[in-house]
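Enquirer: For reference, this is final.txt, and it has compact mmCIF, C-alpha atoms and all ligand atoms.
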# COMPACT_ATOMS: atom_id res chain seq x y z
CA MET W 442 23.19 -45.35 70.31
CA SER W 443 24.45 -48.38 68.39
CA LEU W 444 27.59 -50.47 68.60
CA ILE W 445 28.44 -52.23 65.35
CA LEU W 446 31.09 -54.84 64.62
CA ALA W 447 32.12 -54.84 60.95
CA ILE W 448 33.94 -57.52 58.97
CA GLU W 449 35.68 -57.19 55.58
CA SER W 450 37.23 -60.17 53.76
CA SER W 451 36.42 -59.67 50.07
CA CYS W 452 39.94 -59.91 48.67
CA ASP W 453 43.31 -60.14 50.42
CA ASP W 454 42.83 -57.99 53.54
CA THR W 455 41.21 -59.42 56.67
CA SER W 456 39.74 -56.54 58.63
CA ALA W 457 37.45 -55.90 61.60
CA ALA W 458 36.22 -52.60 62.99
CA VAL W 459 33.97 -51.35 65.78
CA LEU W 460 31.84 -48.21 65.43
CA ARG W 461 29.77 -46.40 68.01
CA ASP W 462 27.15 -44.82 65.74
CA ASP W 463 29.23 -43.14 63.02
CA TYR W 464 32.35 -42.83 65.20
CA LEU W 465 35.17 -45.27 64.65
CA LEU W 466 36.47 -46.99 67.80
CA SER W 467 38.87 -49.45 66.15
CA ASN W 468 39.92 -50.62 62.69
CA VAL W 469 42.28 -53.58 62.48
CA ILE W 470 43.66 -54.74 59.10
CA ALA W 471 45.76 -57.84 58.45
CA SER W 472 47.19 -57.59 54.94
CA GLN W 473 48.31 -60.81 53.28
CA LYS W 474 51.94 -60.78 52.17
CA VAL W 475 51.74 -64.33 50.80
CA HIS W 476 50.62 -63.11 47.34
CA GLU W 477 53.64 -60.89 46.64
CA LYS W 478 55.81 -63.64 45.24
CA TYR W 479 53.04 -64.70 42.83
CA GLY W 480 52.55 -61.21 41.38
CA GLY W 481 48.81 -61.18 42.17
CA VAL W 482 46.20 -62.48 44.59
CA VAL W 483 45.97 -66.29 44.65
CA PRO W 484 42.34 -66.98 45.69
CA GLU W 485 43.02 -70.28 47.45
CA LEU W 486 45.83 -68.76 49.53
CA ALA W 487 43.69 -65.71 50.29
CA SER W 488 40.85 -67.74 51.80
CA ARG W 489 43.29 -69.80 53.88
CA ALA W 490 44.93 -66.64 55.22
CA HIS W 491 41.49 -65.17 56.08
CA GLN W 492 40.75 -68.37 58.05
CA GLN W 493 43.92 -67.87 60.05
CA ASN W 494 43.46 -64.12 60.57
CA ILE W 495 39.77 -63.66 61.21
CA VAL W 496 39.57 -64.65 64.90
CA PRO W 497 42.65 -62.69 66.11
CA VAL W 498 41.68 -59.66 63.98
CA VAL W 499 38.14 -59.51 65.42
CA ASP W 500 39.48 -60.11 68.90
CA THR W 501 41.96 -57.23 68.57
CA ALA W 502 39.32 -54.89 67.13
CA ILE W 503 37.02 -55.54 70.12
CA LYS W 504 39.87 -55.07 72.60
CA GLU W 505 41.12 -51.87 70.94
CA ALA W 506 37.60 -50.47 70.94
CA GLY W 507 37.48 -51.02 74.70
CA ILE W 508 34.04 -52.59 74.54
CA ASP W 509 32.45 -55.78 75.74
CA LYS W 510 31.34 -58.29 73.10
CA LYS W 511 27.90 -58.59 74.69
CA ASP W 512 27.22 -54.86 74.08
CA ILE W 513 27.47 -55.19 70.29
CA ASP W 514 24.12 -54.44 68.62
CA ALA W 515 24.70 -55.77 65.11
CA VAL W 516 27.30 -57.34 62.82
CA ALA W 517 27.91 -55.77 59.40
CA PHE W 518 29.77 -57.80 56.78
CA THR W 519 30.86 -57.47 53.16
CA ARG W 520 28.57 -59.72 51.17
CA GLY W 521 30.23 -58.93 47.80
CA PRO W 522 31.60 -58.35 45.26
CA GLY W 523 34.88 -60.17 45.77
CA LEU W 524 36.52 -63.59 45.70
CA LEU W 525 34.11 -66.32 46.76
CA GLY W 526 36.52 -68.21 49.03
CA SER W 527 37.54 -64.96 50.74
CA LEU W 528 33.99 -63.69 51.18
CA LEU W 529 32.83 -67.01 52.61
CA VAL W 530 35.22 -66.69 55.55
CA GLY W 531 33.91 -63.27 56.58
CA VAL W 532 30.28 -64.09 55.84
CA SER W 533 30.36 -67.36 57.81
CA PHE W 534 32.15 -65.70 60.70
CA ALA W 535 29.66 -62.82 60.81
CA LYS W 536 26.70 -65.22 60.74
CA SER W 537 28.04 -67.38 63.58
CA PHE W 538 28.97 -64.35 65.65
CA ALA W 539 25.53 -62.79 65.23
CA GLN W 540 23.79 -66.05 65.96
CA ALA W 541 25.85 -66.65 69.11
CA LEU W 542 24.97 -63.19 70.45
CA ASN W 543 21.44 -63.26 69.05
CA ILE W 544 21.89 -59.91 67.25
CA PRO W 545 20.99 -58.87 63.67
CA LEU W 546 23.21 -59.11 60.59
CA ILE W 547 23.69 -56.31 58.07
CA GLU W 548 24.95 -57.09 54.57
CA VAL W 549 27.12 -54.48 52.88
CA ASN W 550 28.17 -53.97 49.27
CA HIS W 551 31.94 -53.50 49.12
CA LEU W 552 31.79 -50.66 46.55
CA GLN W 553 29.16 -48.72 48.48
CA ALA W 554 31.35 -49.15 51.54
CA HIS W 555 34.34 -47.55 49.78
CA VAL W 556 32.22 -44.51 48.89
CA LEU W 557 30.58 -44.24 52.31
CA SER W 558 33.99 -44.24 54.03
CA HIS W 559 33.74 -40.44 53.74
CA PHE W 560 30.99 -40.48 56.37
CA ILE W 561 33.14 -41.98 59.13
CA ARG W 562 33.03 -39.27 61.77
CA ARG W 563 36.31 -37.97 63.20
CA GLN W 564 37.27 -34.84 65.06
CA GLU W 565 37.67 -31.65 63.00
CA CYS W 566 36.50 -33.44 59.90
CA ASP W 567 33.52 -32.62 57.70
CA VAL W 568 31.42 -35.20 55.91
CA PRO W 569 29.95 -34.60 52.44
CA THR W 570 26.41 -33.38 51.91
CA PHE W 571 24.21 -34.56 49.03
CA PRO W 572 24.42 -34.50 46.11
CA PHE W 573 28.11 -35.18 45.70
CA MET W 574 30.21 -36.93 43.12
CA CYS W 575 32.70 -39.68 43.83
CA LEU W 576 35.43 -41.20 41.69
CA LEU W 577 35.61 -44.81 42.84
CA VAL W 578 38.89 -46.34 41.73
CA SER W 579 40.16 -49.72 42.92
CA GLY W 580 41.80 -52.86 41.64
CA GLY W 581 38.46 -54.10 40.34
CA HIS W 582 36.37 -50.98 39.66
CA THR W 583 36.47 -47.55 38.07
CA GLN W 584 33.26 -45.55 38.29
CA ILE W 585 32.06 -41.96 38.39
CA LEU W 586 29.16 -41.96 40.86
CA LEU W 587 26.64 -39.27 41.68
CA LEU W 588 25.29 -39.76 45.18
CA HIS W 589 21.74 -38.59 45.85
CA ASN W 590 21.71 -40.09 49.34
CA HIS W 591 23.70 -42.71 51.24
CA PHE W 592 22.39 -45.56 49.14
CA GLU W 593 21.23 -44.04 45.86
CA MET W 594 24.30 -43.94 43.64
CA GLU W 595 23.86 -43.03 39.97
CA VAL W 596 26.62 -44.40 37.73
CA LEU W 597 27.60 -41.59 35.31
CA GLY W 598 30.54 -43.39 33.79
CA GLN W 599 32.70 -46.48 34.20
CA THR W 600 35.47 -48.46 32.62
CA ILE W 601 34.54 -50.58 29.64
CA ASP W 602 37.48 -52.95 30.22
CA ASP W 603 40.25 -52.92 32.87
CA ALA W 604 39.98 -51.03 36.16
CA ALA W 605 42.45 -48.19 36.82
CA GLY W 606 44.17 -50.16 39.61
CA GLU W 607 44.46 -53.19 37.37
CA ALA W 608 46.09 -51.04 34.66
CA ILE W 609 48.65 -49.58 37.03
CA ASP W 610 49.38 -53.01 38.53
CA LYS W 611 49.91 -54.40 35.01
CA ALA W 612 52.27 -51.54 34.12
CA ALA W 613 54.29 -52.42 37.23
CA LYS W 614 54.29 -56.08 36.25
CA ILE W 615 55.57 -55.24 32.75
CA MET W 616 58.49 -53.41 34.44
CA ASP W 617 58.91 -56.29 36.91
CA LEU W 618 58.51 -53.99 39.91
CA GLY W 619 56.52 -56.29 42.21
CA TYR W 620 52.95 -56.57 43.48
CA PRO W 621 50.79 -54.64 44.18
CA GLY W 622 52.27 -52.24 41.68
CA GLY W 623 50.22 -49.13 42.51
CA PRO W 624 52.08 -48.09 45.66
CA ILE W 625 55.47 -49.01 44.10
CA ILE W 626 54.84 -46.87 40.99
CA ASP W 627 53.62 -44.03 43.21
CA ARG W 628 56.84 -44.16 45.27
CA LEU W 629 59.22 -44.41 42.29
CA ALA W 630 57.34 -41.70 40.37
CA LYS W 631 58.31 -39.15 43.00
CA GLU W 632 61.88 -39.16 41.62
CA GLY W 633 60.81 -39.08 37.96
CA ASN W 634 59.69 -36.67 35.25
CA PRO W 635 55.97 -37.16 34.44
CA ASP W 636 56.48 -35.59 31.00
CA ALA W 637 59.42 -37.80 29.97
CA PHE W 638 57.24 -40.18 27.93
CA GLN W 639 53.77 -39.84 26.43
CA PHE W 640 51.21 -42.64 26.13
CA ALA W 641 48.00 -42.08 24.21
CA THR W 642 44.66 -42.25 26.02
CA PRO W 643 41.67 -43.63 24.09
CA GLN W 644 38.71 -41.56 22.87
CA ILE W 645 35.76 -43.03 24.74
CA ALA W 646 32.25 -41.63 24.57
CA GLY W 647 30.62 -39.90 27.53
CA TYR W 648 32.14 -40.34 30.93
CA ASN W 649 33.35 -43.88 30.37
CA TYR W 650 36.93 -45.03 30.62
CA SER W 651 39.10 -47.63 28.92
CA PHE W 652 42.49 -48.73 30.19
CA SER W 653 43.40 -51.79 28.16
CA GLY W 654 44.78 -49.68 25.26
CA ILE W 655 47.07 -47.69 27.59
CA LYS W 656 48.49 -50.93 28.93
CA THR W 657 49.12 -52.24 25.39
CA SER W 658 50.75 -49.02 24.23
CA PHE W 659 52.99 -49.08 27.30
CA LEU W 660 53.93 -52.70 26.58
CA TYR W 661 54.75 -52.05 22.88
CA PHE W 662 56.66 -48.86 23.71
CA LEU W 663 58.89 -50.76 26.13
CA ARG W 664 59.31 -53.70 23.76
CA ASP W 665 60.66 -51.34 21.06
CA ARG W 666 62.96 -49.47 23.44
CA LEU W 667 64.30 -52.68 24.96
CA LYS W 668 65.37 -53.82 21.48
CA GLU W 669 67.64 -50.77 21.27
CA ASP W 670 68.78 -50.91 24.89
CA PRO W 671 68.20 -53.95 27.13
CA ASP W 672 68.73 -51.74 30.21
CA PHE W 673 66.11 -49.19 29.15
CA ILE W 674 63.72 -49.91 32.04
CA GLN W 675 66.48 -49.94 34.64
CA LYS W 676 67.87 -46.60 33.39
CA ASN W 677 64.49 -44.86 33.10
CA LYS W 678 62.49 -46.48 35.90
CA ALA W 679 61.49 -43.30 37.73
CA ASP W 680 60.56 -41.45 34.53
CA LEU W 681 58.54 -44.43 33.27
CA CYS W 682 56.64 -44.65 36.57
CA ALA W 683 55.98 -40.91 36.67
CA SER W 684 54.82 -40.87 33.04
CA ILE W 685 52.47 -43.86 33.18
CA GLN W 686 51.08 -42.63 36.50
CA LYS W 687 50.38 -39.20 35.01
CA CYS W 688 48.79 -40.79 31.93
CA ILE W 689 46.34 -42.92 33.97
CA MET W 690 45.58 -40.42 36.74
CA SER W 691 45.13 -37.38 34.50
CA PHE W 692 42.78 -39.41 32.28
CA LEU W 693 40.72 -40.25 35.38
CA LEU W 694 40.67 -36.62 36.49
CA ARG W 695 39.79 -35.13 33.06
CA LYS W 696 36.59 -37.14 32.68
CA PHE W 697 35.64 -36.71 36.31
CA GLU W 698 36.02 -32.93 35.98
CA LYS W 699 33.79 -32.89 32.88
CA ALA W 700 31.14 -35.01 34.59
CA ALA W 701 31.10 -32.82 37.70
CA LEU W 702 30.86 -29.63 35.64
CA SER W 703 28.00 -31.04 33.59
CA ARG W 704 26.01 -31.79 36.77
CA ARG W 705 27.03 -28.52 38.48
CA ILE W 706 28.40 -30.46 41.43
CA ARG W 707 30.03 -28.52 44.28
CA GLN W 708 31.36 -31.42 46.37
CA VAL W 709 33.65 -34.13 45.07
CA ALA W 710 35.39 -37.18 46.55
CA ILE W 711 37.73 -40.00 45.62
CA ALA W 712 37.55 -43.50 47.11
CA GLY W 713 38.99 -47.01 46.66
CA GLY W 714 42.55 -48.34 46.70
CA VAL W 715 43.80 -46.05 43.92
CA SER W 716 42.66 -42.99 45.91
CA ALA W 717 45.90 -43.56 47.88
CA ASN W 718 47.77 -42.34 44.80
CA SER W 719 49.55 -39.04 45.39
CA TYR W 720 49.06 -37.73 41.82
CA LEU W 721 45.32 -38.39 42.05
CA ARG W 722 45.06 -36.88 45.55
CA ASN W 723 46.88 -33.71 44.50
CA GLY W 724 44.89 -33.63 41.26
CA ILE W 725 41.49 -33.65 42.95
CA GLU W 726 42.59 -30.94 45.40
CA GLU W 727 43.76 -28.85 42.45
CA LEU W 728 40.38 -29.29 40.73
CA GLY W 729 38.75 -28.22 43.97
CA ARG W 730 40.76 -25.00 44.06
CA LYS W 731 40.12 -24.33 40.37
CA HIS W 732 36.33 -24.75 40.54
CA HIS W 733 35.76 -23.87 44.22
CA TRP W 734 34.60 -27.39 44.94
CA LYS W 735 34.73 -28.88 48.39
CA THR W 736 36.96 -31.96 48.15
CA PHE W 737 36.98 -35.17 50.18
CA VAL W 738 40.18 -37.21 50.08
CA PRO W 739 40.20 -40.29 52.34
CA THR W 740 42.95 -40.78 54.93
CA MET W 741 45.26 -43.63 53.95
CA GLN W 742 43.69 -46.24 56.26
CA PHE W 743 40.35 -45.80 54.45
CA CYS W 744 41.71 -46.00 50.88
CA THR W 745 42.47 -49.69 50.58
CA ASP W 746 40.19 -52.41 51.91
CA ASN W 747 39.14 -51.96 55.55
CA ALA W 748 36.24 -52.84 57.82
CA ALA W 749 35.65 -49.26 59.03
CA MET W 750 33.97 -48.48 55.71
CA VAL W 751 31.82 -51.61 56.06
CA GLY W 752 30.87 -50.43 59.53
CA ILE W 753 29.74 -46.99 58.38
CA ALA W 754 27.66 -48.49 55.56
CA GLY W 755 26.28 -50.91 58.16
CA TYR W 756 25.42 -48.05 60.49
CA TYR W 757 23.26 -46.28 57.88
CA LYS W 758 21.47 -49.56 57.15
CA TYR W 759 21.01 -50.11 60.88
CA LEU W 760 19.27 -46.72 61.11
CA ARG W 761 16.89 -47.85 58.36
CA GLY W 762 16.32 -51.22 60.05
CA GLU W 763 17.68 -53.05 57.00
CA PHE W 764 18.80 -56.38 58.34
CA ALA W 765 19.95 -59.42 56.42
CA ASP W 766 18.51 -62.90 56.29
CA PRO W 767 20.99 -65.22 58.05
CA ALA W 768 20.73 -67.60 55.08
CA LEU W 769 22.13 -65.07 52.55
CA PRO W 770 24.97 -66.37 50.39
CA PRO W 771 27.88 -64.09 49.31
CA TYR W 772 27.99 -62.74 45.73
CA THR W 773 31.11 -62.40 43.61
CA ASN W 774 30.13 -59.56 41.24
O1 LIG W 801 40.30 -51.06 47.01
P1 LIG W 801 41.45 -51.98 46.93
O2 LIG W 801 42.32 -52.17 48.16
O3 LIG W 801 41.01 -53.41 46.51
C1 LIG W 801 39.99 -53.59 45.57
O4 LIG W 801 38.80 -53.54 46.00
O5 LIG W 801 40.33 -53.74 44.39
O6 LIG W 801 42.37 -51.47 45.73
C2 LIG W 801 43.58 -52.11 45.38
C3 LIG W 801 44.21 -51.35 44.22
C4 LIG W 801 45.43 -52.05 43.63
O7 LIG W 801 45.30 -52.04 42.22
C5 LIG W 801 46.60 -51.20 44.08
O8 LIG W 801 47.71 -51.22 43.20
C6 LIG W 801 45.96 -49.83 44.11
O9 LIG W 801 44.68 -50.06 44.68
N1 LIG W 801 46.73 -48.87 44.90
C7 LIG W 801 47.36 -47.80 44.37
C8 LIG W 801 48.03 -47.14 45.44
N2 LIG W 801 47.78 -47.84 46.58
C9 LIG W 801 46.97 -48.89 46.22
N3 LIG W 801 47.40 -47.35 43.11
C10 LIG W 801 48.13 -46.25 42.88
N4 LIG W 801 48.82 -45.56 43.83
C11 LIG W 801 48.78 -45.97 45.11
N5 LIG W 801 49.46 -45.29 46.05
ZN ZN W 802 38.17 -52.44 47.65
How does this structure look as structure tokens?
Expert:
Amino acid sequence: MSLILAIESSCDDTSAAVLRDDYLLSNVIASQKVHEKYGGVVPELASRAHQQNIVPVVDTAIKEAGIDKKDIDAVAFTRGPGLLGSLLVGVSFAKSFAQALNIPLIEVNHLQAHVLSHFIRRQECDVPTFPFMCLLVSGGHTQILLLHNHFEMEVLGQTIDDAAGEAIDKAAKIMDLGYPGGPIIDRLAKEGNPDAFQFATPQIAGYNYSFSGIKTSFLYFLRDRLKEDPDFIQKNKADLCASIQKCIMSFLLRKFEKAALSRRIRQVAIAGGVSANSYLRNGIEELGRKHHWKTFVPTMQFCTDNAAMVGIAGYYKYLRGEFADPALPPYTN
């Protein structure tokens, strides 16, 4: 039996979780609102907010788990990729905590953690078996991964420019909807017609993606329409959101479907912040029904950044005895 404390601070969420083996006991997330008025994450403000949040967040996670600090066996932390100033807060905290309790440290890769979130054990809930394919879509990454085991992830395709989350956030910014744009577009799209407007998707070889062209075509389309009617966005907001969301999400799903068919995969998953998107969630379930695939869609608390996923990745490393050197620096990419 192991008790693991996990810390996540790679971007703008400060999070701590406690796991008993692969069971989650607590998962506390403090999201930073300070960035909203700037339309994106301001690194300096993010690291300051992590400094303020880290102690109370860890404290709450330990209390909610109903455990005693001295029973913790190891501390897992996100080493990277992420913003340096943000990572440093979590990394330094994890190191001091482990040193104070004289327990080992486990370094975790943030992207692996997103994928491994599907292995967090809960009642009445299956976990994937290998091999399975995962569409990892966040604000910084877009990858089609084939998992051979918990740590061997083959990259079958990825974006050659912007990440899917970045593209959807930029579309929201063009419409002046606020930040982060993904959840706002998702909400407004519910009232709109996804076939109202069409935006071309690029022809990219293999299972790779490209999103910068979609963003540009959306920008130029709106620029032309706004010349004719300055209220065009206001009048068509829901339809614009539904259409751009369909364009991006169906592009993601089309390539993922092709990749999974080519490898004769029977189990598929989505992970990362964009996996909170309702079009994508419905889309993967639909693919599952069509091809008789078993699908894994994360619950909302495991979509965006959280320490529970760091804890589960940490647990599998703990089983392998893979501990980190206390002198390890964070890495940004
Ligand atoms: O994984 P994450 O929290 O942070 C990174 O590691 O990047 O992902 C954040 C991204 C943002 O681009 C955000 O707009 C997007 O996830 N996102 C969504 C939704 N919720 C979050 N995108 C579309 N629909 C959503 N419901
Ligand atoms: Zn993330």
Enquirer: Collect all residues with atoms no farther than 6 Å from ligand LIG 801 (chain W), counting all atoms listed in the file, and output them as number ranges by chain.
Expert: W: 579-581, 606-607, 610, 621-624, 627, 713-715, 717-718, 745-746
Enquirer: Could you list, with a cut-off of 10 Å and counting only C-alpha atoms, the residues of stretch 526-600 of chain W near stretch 462-468 of chain W, each shown with its nearest atom pair and the distance in Å rounded to one decimal, rows sorted by chain and ascending number, as a Markdown table?
Expert:
| residue | atom | partner | partner_atom | distance |
| --- | --- | --- | --- | --- |
| W:Phe560 | CA | W:Asp463 | CA | 7.4 |
| W:Ile561 | CA | W:Asp463 | CA | 5.6 |
| W:Arg562 | CA | W:Tyr464 | CA | 5.0 |
| W:Arg563 | CA | W:Tyr464 | CA | 6.6 |
| W:Gln564 | CA | W:Tyr464 | CA | 9.4 |
Enquirer: Please identify all protein, DNA and RNA residues within 12 Å of ligand ZN 802 (chain W), counting only C-alpha atoms and all ligand atoms, and report them as a PDB file with C-alpha atoms, in the frame of the given file.
Expert:
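out-v8.pdb written:
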ATOM      1  CA  GLU W 449      35.680 -57.190  55.580  1.00  0.00           C
ATOM      2  CA  SER W 450      37.230 -60.170  53.760  1.00  0.00           C
ATOM      3  CA  SER W 451      36.420 -59.670  50.070  1.00  0.00           C
ATOM      4  CA  CYS W 452      39.940 -59.910  48.670  1.00  0.00           C
ATOM      5  CA  ASP W 453      43.310 -60.140  50.420  1.00  0.00           C
ATOM      6  CA  ASP W 454      42.830 -57.990  53.540  1.00  0.00           C
ATOM      7  CA  THR W 455      41.210 -59.420  56.670  1.00  0.00           C
ATOM      8  CA  SER W 456      39.740 -56.540  58.630  1.00  0.00           C
ATOM      9  CA  THR W 519      30.860 -57.470  53.160  1.00  0.00           C
ATOM     10  CA  GLY W 521      30.230 -58.930  47.800  1.00  0.00           C
ATOM     11  CA  PRO W 522      31.600 -58.350  45.260  1.00  0.00           C
ATOM     12  CA  GLY W 523      34.880 -60.170  45.770  1.00  0.00           C
ATOM     13  CA  LEU W 524      36.520 -63.590  45.700  1.00  0.00           C
ATOM     14  CA  ASN W 550      28.170 -53.970  49.270  1.00  0.00           C
ATOM     15  CA  HIS W 551      31.940 -53.500  49.120  1.00  0.00           C
ATOM     16  CA  LEU W 552      31.790 -50.660  46.550  1.00  0.00           C
ATOM     17  CA  GLN W 553      29.160 -48.720  48.480  1.00  0.00           C
ATOM     18  CA  ALA W 554      31.350 -49.150  51.540  1.00  0.00           C
ATOM     19  CA  HIS W 555      34.340 -47.550  49.780  1.00  0.00           C
ATOM     20  CA  VAL W 556      32.220 -44.510  48.890  1.00  0.00           C
ATOM     21  CA  SER W 558      33.990 -44.240  54.030  1.00  0.00           C
ATOM     22  CA  LEU W 577      35.610 -44.810  42.840  1.00  0.00           C
ATOM     23  CA  VAL W 578      38.890 -46.340  41.730  1.00  0.00           C
ATOM     24  CA  SER W 579      40.160 -49.720  42.920  1.00  0.00           C
ATOM     25  CA  GLY W 580      41.800 -52.860  41.640  1.00  0.00           C
ATOM     26  CA  GLY W 581      38.460 -54.100  40.340  1.00  0.00           C
ATOM     27  CA  HIS W 582      36.370 -50.980  39.660  1.00  0.00           C
ATOM     28  CA  THR W 583      36.470 -47.550  38.070  1.00  0.00           C
ATOM     29  CA  ALA W 604      39.980 -51.030  36.160  1.00  0.00           C
ATOM     30  CA  GLY W 606      44.170 -50.160  39.610  1.00  0.00           C
ATOM     31  CA  ALA W 712      37.550 -43.500  47.110  1.00  0.00           C
ATOM     32  CA  GLY W 713      38.990 -47.010  46.660  1.00  0.00           C
ATOM     33  CA  GLY W 714      42.550 -48.340  46.700  1.00  0.00           C
ATOM     34  CA  VAL W 715      43.800 -46.050  43.920  1.00  0.00           C
ATOM     35  CA  SER W 716      42.660 -42.990  45.910  1.00  0.00           C
ATOM     36  CA  ALA W 717      45.900 -43.560  47.880  1.00  0.00           C
ATOM     37  CA  GLN W 742      43.690 -46.240  56.260  1.00  0.00           C
ATOM     38  CA  PHE W 743      40.350 -45.800  54.450  1.00  0.00           C
ATOM     39  CA  CYS W 744      41.710 -46.000  50.880  1.00  0.00           C
ATOM     40  CA  THR W 745      42.470 -49.690  50.580  1.00  0.00           C
ATOM     41  CA  ASP W 746      40.190 -52.410  51.910  1.00  0.00           C
ATOM     42  CA  ASN W 747      39.140 -51.960  55.550  1.00  0.00           C
ATOM     43  CA  ALA W 748      36.240 -52.840  57.820  1.00  0.00           C
ATOM     44  CA  MET W 750      33.970 -48.480  55.710  1.00  0.00           C
ATOM     45  CA  VAL W 751      31.820 -51.610  56.060  1.00  0.00           C
TER      46      VAL W 751
END
Enquirer: May I ask which of the residues W:Leu760, W:Leu769, W:Leu587, W:Ile655 is the closest one to W:Leu444, counting only C-alpha atoms?
Expert: W:Leu760
Enquirer: Grab all the atoms of stretch 699-702 of chain W that the file lists, wrap them in a box along x, y and z, add 6 Å per side, and give me centre plus edge lengths in Å (one decimal) as AutoDock Vina command-line options.
Expert:
--center_x 32.3 --center_y -32.3 --center_z 35.3 --size_x 14.9 --size_y 17.4 --size_z 16.8
Enquirer: Taking (28.9, -32.3, 35.4) in the coordinates of the supplied file, I want to know which residues reach to within 12 Å of it, counting only C-alpha atoms; could you give the answer as a list of chain:residue names?
Expert: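 Residues close enough to count: W:Pro572, W:Phe573, W:Met574, W:Cys575, W:Ile585, W:Leu586, W:Leu587, W:Leu597, W:Gly598, W:Gly647, W:Tyr648, W:Arg695, W:Lys696, W:Phe697, W:Glu698, W:Lys699, W:Ala700, W:Ala701, W:Leu702, W:Ser703, W:Arg704, W:Arg705, W:Ile706, W:Arg707, W:Gln708, W:Val709, W:His732.
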Enquirer: Let me make sure I understand: among W:Ile725, W:Met616, W:Leu557, W:Val549, which one has the smallest atom-to-atom distance to W:Glu763 if we use all atoms listed in the file?
Expert: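 Once distances to W:Glu763 are computed over all atoms listed in the file, the minimum belongs to W:Val549.
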Enquirer: Report, in Å to a single decimal, how far apart atom CA of W:Tyr759 and atom CA of W:Asn774 are.
Expert: 23.6 Å
Enquirer: Could you check the closest approach to W:Val568 for each of W:Asp766, W:His591, W:Ala683, W:Glu505 and tell me which residue wins, using only C-alpha atoms?
Expert: W:His591
Enquirer: What does the distance between atom CA of W:Ala490 and atom CA of W:Ser537 come to in Å, to one decimal place?
Expert: 18.9 Å
Enquirer: Can you tell me, as a list in words, what residues are no more than 10 Å from W:Arg461 when counting all atoms listed in the file, ignoring any on the same chain fewer than 4 positions away?
Expert: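 The residues satisfying every condition are Met442, Ser443, Leu444, Ile445, Leu446, Leu465, Leu466, Ser467, Ala506, Ile508, Ile513, Asp514, Gly752, Ile753 and Tyr756 of chain W.
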Enquirer: Would you work out the distance separating atom CA of W:Ala605 from atom CA of W:Gln584, expressed in Å to one decimal?
Expert: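 The value is 9.7 Å.
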Enquirer: Identify the residues within 7 Å of coordinate (28.1, -59.6, 54.1) (same frame as the file), considering all atoms listed in the file, and give the answer as an NGL selection string.
Expert: :W and (517-521 or 532 or 547-549 or 771)
Enquirer: Of the residues W:Leu588, W:Gln639, W:Ile615, W:Ala630, which is the one nearest to W:Leu667, using all atoms listed in the file?
Expert: W:Ile615
Enquirer: Name the residues in contact with W:Ser658 at a cut-off of 12 Å, using all atoms listed in the file, excluding same-chain residues fewer than 5 positions from it; report them as a PDB file with C-alpha atoms, keeping the file's coordinate frame.
Expert:
ATOM      1  CA  ALA W 608      46.090 -51.040  34.660  1.00  0.00           C
ATOM      2  CA  ALA W 612      52.270 -51.540  34.120  1.00  0.00           C
ATOM      3  CA  ILE W 615      55.570 -55.240  32.750  1.00  0.00           C
ATOM      4  CA  PHE W 638      57.240 -40.180  27.930  1.00  0.00           C
ATOM      5  CA  GLN W 639      53.770 -39.840  26.430  1.00  0.00           C
ATOM      6  CA  PHE W 640      51.210 -42.640  26.130  1.00  0.00           C
ATOM      7  CA  ALA W 641      48.000 -42.080  24.210  1.00  0.00           C
ATOM      8  CA  THR W 642      44.660 -42.250  26.020  1.00  0.00           C
ATOM      9  CA  PRO W 643      41.670 -43.630  24.090  1.00  0.00           C
ATOM     10  CA  PHE W 652      42.490 -48.730  30.190  1.00  0.00           C
ATOM     11  CA  SER W 653      43.400 -51.790  28.160  1.00  0.00           C
ATOM     12  CA  LEU W 663      58.890 -50.760  26.130  1.00  0.00           C
ATOM     13  CA  ARG W 664      59.310 -53.700  23.760  1.00  0.00           C
ATOM     14  CA  ASP W 665      60.660 -51.340  21.060  1.00  0.00           C
ATOM     15  CA  ILE W 685      52.470 -43.860  33.180  1.00  0.00           C
ATOM     16  CA  CYS W 688      48.790 -40.790  31.930  1.00  0.00           C
TER      17      CYS W 688
END
Enquirer: Taking all atoms listed in the file into account, name the residue in W:Thr501, W:Asn723, W:Gln686, W:Gln599 that is nearest to W:Lys656.
Expert: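 Nearest candidate to W:Lys656 out of W:Thr501, W:Asn723, W:Gln686, W:Gln599: W:Gln686.
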Enquirer: Hey, what's within 10 Å of W:Val498 if we count all atoms listed in the file and toss same-chain stuff fewer than 6 positions away? As a PDB file with C-alpha atoms, in the frame of the given file, please?
Expert:
ATOM      1  CA  ILE W 448      33.940 -57.520  58.970  1.00  0.00           C
ATOM      2  CA  THR W 455      41.210 -59.420  56.670  1.00  0.00           C
ATOM      3  CA  SER W 456      39.740 -56.540  58.630  1.00  0.00           C
ATOM      4  CA  ALA W 457      37.450 -55.900  61.600  1.00  0.00           C
ATOM      5  CA  ALA W 458      36.220 -52.600  62.990  1.00  0.00           C
ATOM      6  CA  ASN W 468      39.920 -50.620  62.690  1.00  0.00           C
ATOM      7  CA  VAL W 469      42.280 -53.580  62.480  1.00  0.00           C
ATOM      8  CA  ILE W 470      43.660 -54.740  59.100  1.00  0.00           C
ATOM      9  CA  ALA W 471      45.760 -57.840  58.450  1.00  0.00           C
ATOM     10  CA  HIS W 491      41.490 -65.170  56.080  1.00  0.00           C
ATOM     11  CA  LYS W 504      39.870 -55.070  72.600  1.00  0.00           C
TER      12      LYS W 504
END
Enquirer: Would you mind telling me which residue in W:Val496, W:Leu693, W:Ile711, W:Ala539 lies nearest to W:Phe737 when using all atoms listed in the file?
Expert: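 Smallest distance to W:Phe737 is found for W:Ile711.
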Enquirer: Which residues are close to W:Arg666, i.e. within 12 Å by all atoms listed in the file, leaving aside same-chain residues fewer than 6 positions away? Reply as a list in words.
Expert: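 Answer for this query is Phe638, Phe659, Leu660, Asp672, Phe673, Ile674, Gln675, Lys676, Asn677 and Leu681 of chain W.
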